[in-house]
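Asks: The structure under discussion is supplied below as structure tokens; questions concerning it will follow.
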Amino acid sequence: QAQLVESGGGLVQAGGSLRLSCAASGSIFSINEMRWYRQAPGKERELVARISTGGSTTYRDSVKGRFTIYRENAKNTMYLQMNALKAEDTAVYYCRSLGLGGDYWGQGTQVTVSS
């Protein structure tokens, strides 16, 4: 079993920055791909970014150039650096760990961007 705990959400003005963290317990972090999702009110959950065990990254088009996903395996922690935030980035952000170690979700952290 493993647990994921997100932190770093909050209220920020448009154009501002936030860094989300996802701390993983257990032994799954180094063998699993890590992902960030988000879900806005009334919308489906969508994949924002993902990072492989080797560090390869992919992003949804709407966040390319503004968001950066990275991981620190020694700390069992993944991050999402979000810059130039827009009102449409407002959502609950979830981390997910997926792979040979299993499939786990965090509880989510709210990000609100005021325009």
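Simple scheme: letters A, B, ... for chains in structure tokens order, numbers from 1 for residues in each chain, numbers from 1 for ligands in the order shown.
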Residues near region 85-87 of chain A, anyone? I mean within 10 Å using only C-alpha atoms, not counting same-chain ones fewer than 2 positions away, as a PyMOL selection string.
Replies: chain A and resi 12-18+63+66-67+82-83+89-91+111-115
Asks: When you look at Tyr70 (chain A) with a cut-off of 9 Å (counting only C-alpha atoms), what residues show up, excluding the ones that are within fewer than 6 positions of it in the same chain? I need them as a VMD selection string.
Replies: chain A and resid 50 to 51 55 57 77 to 81
Asks: Would you please give, as JSON, numbers by chain, all residues of region 24-100 of chain A that DSSP assigns to strand (DSSP E) based on the backbone?
Replies: {"A": [24, 32, 33, 34, 35, 36, 37, 38, 39, 46, 47, 48, 49, 50, 51, 57, 58, 59, 67, 68, 69, 70, 71, 72, 77, 78, 79, 80, 81, 82, 91, 92, 93, 94, 95, 96, 97, 98, 99]}
Asks: Take the selection from the previous step and output its residues with N, CA and C atoms, as an mmCIF file, in the first residue's frame.
Replies:
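As a result, again.cif now contains:
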```
data_model
loop_
_atom_site.group_PDB
_atom_site.id
_atom_site.type_symbol
_atom_site.label_atom_id
_atom_site.label_comp_id
_atom_site.auth_asym_id
_atom_site.auth_seq_id
_atom_site.Cartn_x
_atom_site.Cartn_y
_atom_site.Cartn_z
ATOM 1 N N ALA A 24 4.910 10.817 -1.611
ATOM 2 C CA ALA A 24 4.475 9.423 -1.651
ATOM 3 C C ALA A 24 5.096 8.619 -0.522
ATOM 4 N N ASN A 32 7.167 3.850 -10.361
ATOM 5 C CA ASN A 32 5.907 4.261 -10.973
ATOM 6 C C ASN A 32 6.025 5.578 -11.720
ATOM 7 N N GLU A 33 5.256 5.664 -12.792
ATOM 8 C CA GLU A 33 5.065 6.957 -13.434
ATOM 9 C C GLU A 33 4.229 7.832 -12.505
ATOM 10 N N MET A 34 4.489 9.124 -12.515
ATOM 11 C CA MET A 34 3.745 10.065 -11.687
ATOM 12 C C MET A 34 3.013 11.053 -12.587
ATOM 13 N N ARG A 35 1.801 11.399 -12.197
ATOM 14 C CA ARG A 35 0.964 12.281 -13.010
ATOM 15 C C ARG A 35 0.257 13.323 -12.158
ATOM 16 N N TRP A 36 -0.040 14.443 -12.778
ATOM 17 C CA TRP A 36 -0.927 15.449 -12.207
ATOM 18 C C TRP A 36 -2.185 15.526 -13.077
ATOM 19 N N TYR A 37 -3.337 15.520 -12.429
ATOM 20 C CA TYR A 37 -4.629 15.721 -13.060
ATOM 21 C C TYR A 37 -5.279 16.938 -12.410
ATOM 22 N N ARG A 38 -6.317 17.425 -13.062
ATOM 23 C CA ARG A 38 -7.122 18.470 -12.441
ATOM 24 C C ARG A 38 -8.582 18.304 -12.845
ATOM 25 N N GLN A 39 -9.441 18.809 -11.985
ATOM 26 C CA GLN A 39 -10.868 18.751 -12.257
ATOM 27 C C GLN A 39 -11.508 20.062 -11.838
ATOM 28 N N GLU A 46 -9.001 15.887 -15.995
ATOM 29 C CA GLU A 46 -8.123 15.863 -17.167
ATOM 30 C C GLU A 46 -6.666 15.731 -16.755
ATOM 31 N N LEU A 47 -5.906 15.077 -17.599
ATOM 32 C CA LEU A 47 -4.473 14.915 -17.351
ATOM 33 C C LEU A 47 -3.761 16.223 -17.669
ATOM 34 N N VAL A 48 -2.959 16.678 -16.738
ATOM 35 C CA VAL A 48 -2.222 17.930 -16.910
ATOM 36 C C VAL A 48 -0.794 17.660 -17.367
ATOM 37 N N ALA A 49 -0.124 16.751 -16.677
ATOM 38 C CA ALA A 49 1.274 16.457 -16.992
ATOM 39 C C ALA A 49 1.633 15.110 -16.383
ATOM 40 N N ARG A 50 2.668 14.497 -16.954
ATOM 41 C CA ARG A 50 3.139 13.245 -16.397
ATOM 42 C C ARG A 50 4.650 13.163 -16.566
ATOM 43 N N ILE A 51 5.250 12.368 -15.700
ATOM 44 C CA ILE A 51 6.687 12.190 -15.735
ATOM 45 C C ILE A 51 6.992 10.720 -15.499
ATOM 46 N N THR A 57 8.891 13.792 -19.776
ATOM 47 C CA THR A 57 7.684 14.533 -19.409
ATOM 48 C C THR A 57 6.789 14.789 -20.607
ATOM 49 N N THR A 58 5.493 14.863 -20.339
ATOM 50 C CA THR A 58 4.523 15.305 -21.333
ATOM 51 C C THR A 58 3.522 16.228 -20.655
ATOM 52 N N TYR A 59 2.963 17.150 -21.420
ATOM 53 C CA TYR A 59 2.035 18.156 -20.906
ATOM 54 C C TYR A 59 0.845 18.298 -21.843
ATOM 55 N N PHE A 67 3.772 25.358 -17.110
ATOM 56 C CA PHE A 67 3.887 24.386 -16.014
ATOM 57 C C PHE A 67 5.105 23.509 -16.227
ATOM 58 N N THR A 68 5.721 23.112 -15.119
ATOM 59 C CA THR A 68 6.844 22.191 -15.169
ATOM 60 C C THR A 68 6.636 21.098 -14.130
ATOM 61 N N ILE A 69 6.695 19.858 -14.572
ATOM 62 C CA ILE A 69 6.592 18.723 -13.662
ATOM 63 C C ILE A 69 7.987 18.164 -13.443
ATOM 64 N N TYR A 70 8.295 17.819 -12.201
ATOM 65 C CA TYR A 70 9.577 17.192 -11.927
ATOM 66 C C TYR A 70 9.451 16.353 -10.663
ATOM 67 N N ARG A 71 10.433 15.500 -10.478
ATOM 68 C CA ARG A 71 10.375 14.588 -9.347
ATOM 69 C C ARG A 71 11.730 14.513 -8.671
ATOM 70 N N GLU A 72 11.709 14.287 -7.397
ATOM 71 C CA GLU A 72 12.921 14.058 -6.613
ATOM 72 C C GLU A 72 12.784 12.684 -5.978
ATOM 73 N N THR A 77 9.053 12.552 -3.813
ATOM 74 C CA THR A 77 8.160 13.694 -4.001
ATOM 75 C C THR A 77 8.165 14.154 -5.450
ATOM 76 N N MET A 78 6.978 14.475 -5.925
ATOM 77 C CA MET A 78 6.805 15.042 -7.256
ATOM 78 C C MET A 78 6.277 16.462 -7.092
ATOM 79 N N TYR A 79 6.598 17.307 -8.056
ATOM 80 C CA TYR A 79 6.193 18.703 -7.993
ATOM 81 C C TYR A 79 5.540 19.133 -9.303
ATOM 82 N N LEU A 80 4.748 20.175 -9.202
ATOM 83 C CA LEU A 80 4.217 20.848 -10.379
ATOM 84 C C LEU A 80 4.408 22.340 -10.158
ATOM 85 N N GLN A 81 5.369 22.911 -10.855
ATOM 86 C CA GLN A 81 5.585 24.352 -10.799
ATOM 87 C C GLN A 81 4.671 25.001 -11.820
ATOM 88 N N MET A 82 3.807 25.882 -11.356
ATOM 89 C CA MET A 82 2.814 26.513 -12.222
ATOM 90 C C MET A 82 3.068 28.010 -12.259
ATOM 91 N N ALA A 91 -8.996 24.747 -10.381
ATOM 92 C CA ALA A 91 -9.456 23.355 -10.321
ATOM 93 C C ALA A 91 -8.920 22.720 -9.044
ATOM 94 N N VAL A 92 -9.409 21.522 -8.773
ATOM 95 C CA VAL A 92 -8.764 20.673 -7.779
ATOM 96 C C VAL A 92 -7.716 19.852 -8.513
ATOM 97 N N TYR A 93 -6.501 19.885 -8.005
ATOM 98 C CA TYR A 93 -5.397 19.173 -8.629
ATOM 99 C C TYR A 93 -5.107 17.894 -7.839
ATOM 100 N N TYR A 94 -4.963 16.792 -8.582
ATOM 101 C CA TYR A 94 -4.728 15.491 -7.988
ATOM 102 C C TYR A 94 -3.426 14.908 -8.522
ATOM 103 N N CYS A 95 -2.690 14.239 -7.677
ATOM 104 C CA CYS A 95 -1.564 13.467 -8.171
ATOM 105 C C CYS A 95 -1.935 11.993 -8.213
ATOM 106 N N ARG A 96 -1.260 11.308 -9.096
ATOM 107 C CA ARG A 96 -1.507 9.880 -9.291
ATOM 108 C C ARG A 96 -0.182 9.178 -9.515
ATOM 109 N N SER A 97 -0.056 8.021 -8.929
ATOM 110 C CA SER A 97 1.112 7.166 -9.122
ATOM 111 C C SER A 97 0.634 5.897 -9.790
ATOM 112 N N LEU A 98 1.216 5.579 -10.937
ATOM 113 C CA LEU A 98 0.707 4.480 -11.761
ATOM 114 C C LEU A 98 1.859 3.653 -12.309
ATOM 115 N N GLY A 99 1.775 2.326 -12.132
ATOM 116 C CA GLY A 99 2.793 1.454 -12.687
ATOM 117 C C GLY A 99 2.827 0.114 -12.001
#
```
Asks: If you measure from CA of Gly54 (chain A) to CA of Thr109 (chain A), what distance in Å do you get, rounded to one decimal?
Replies: 25.8 Å
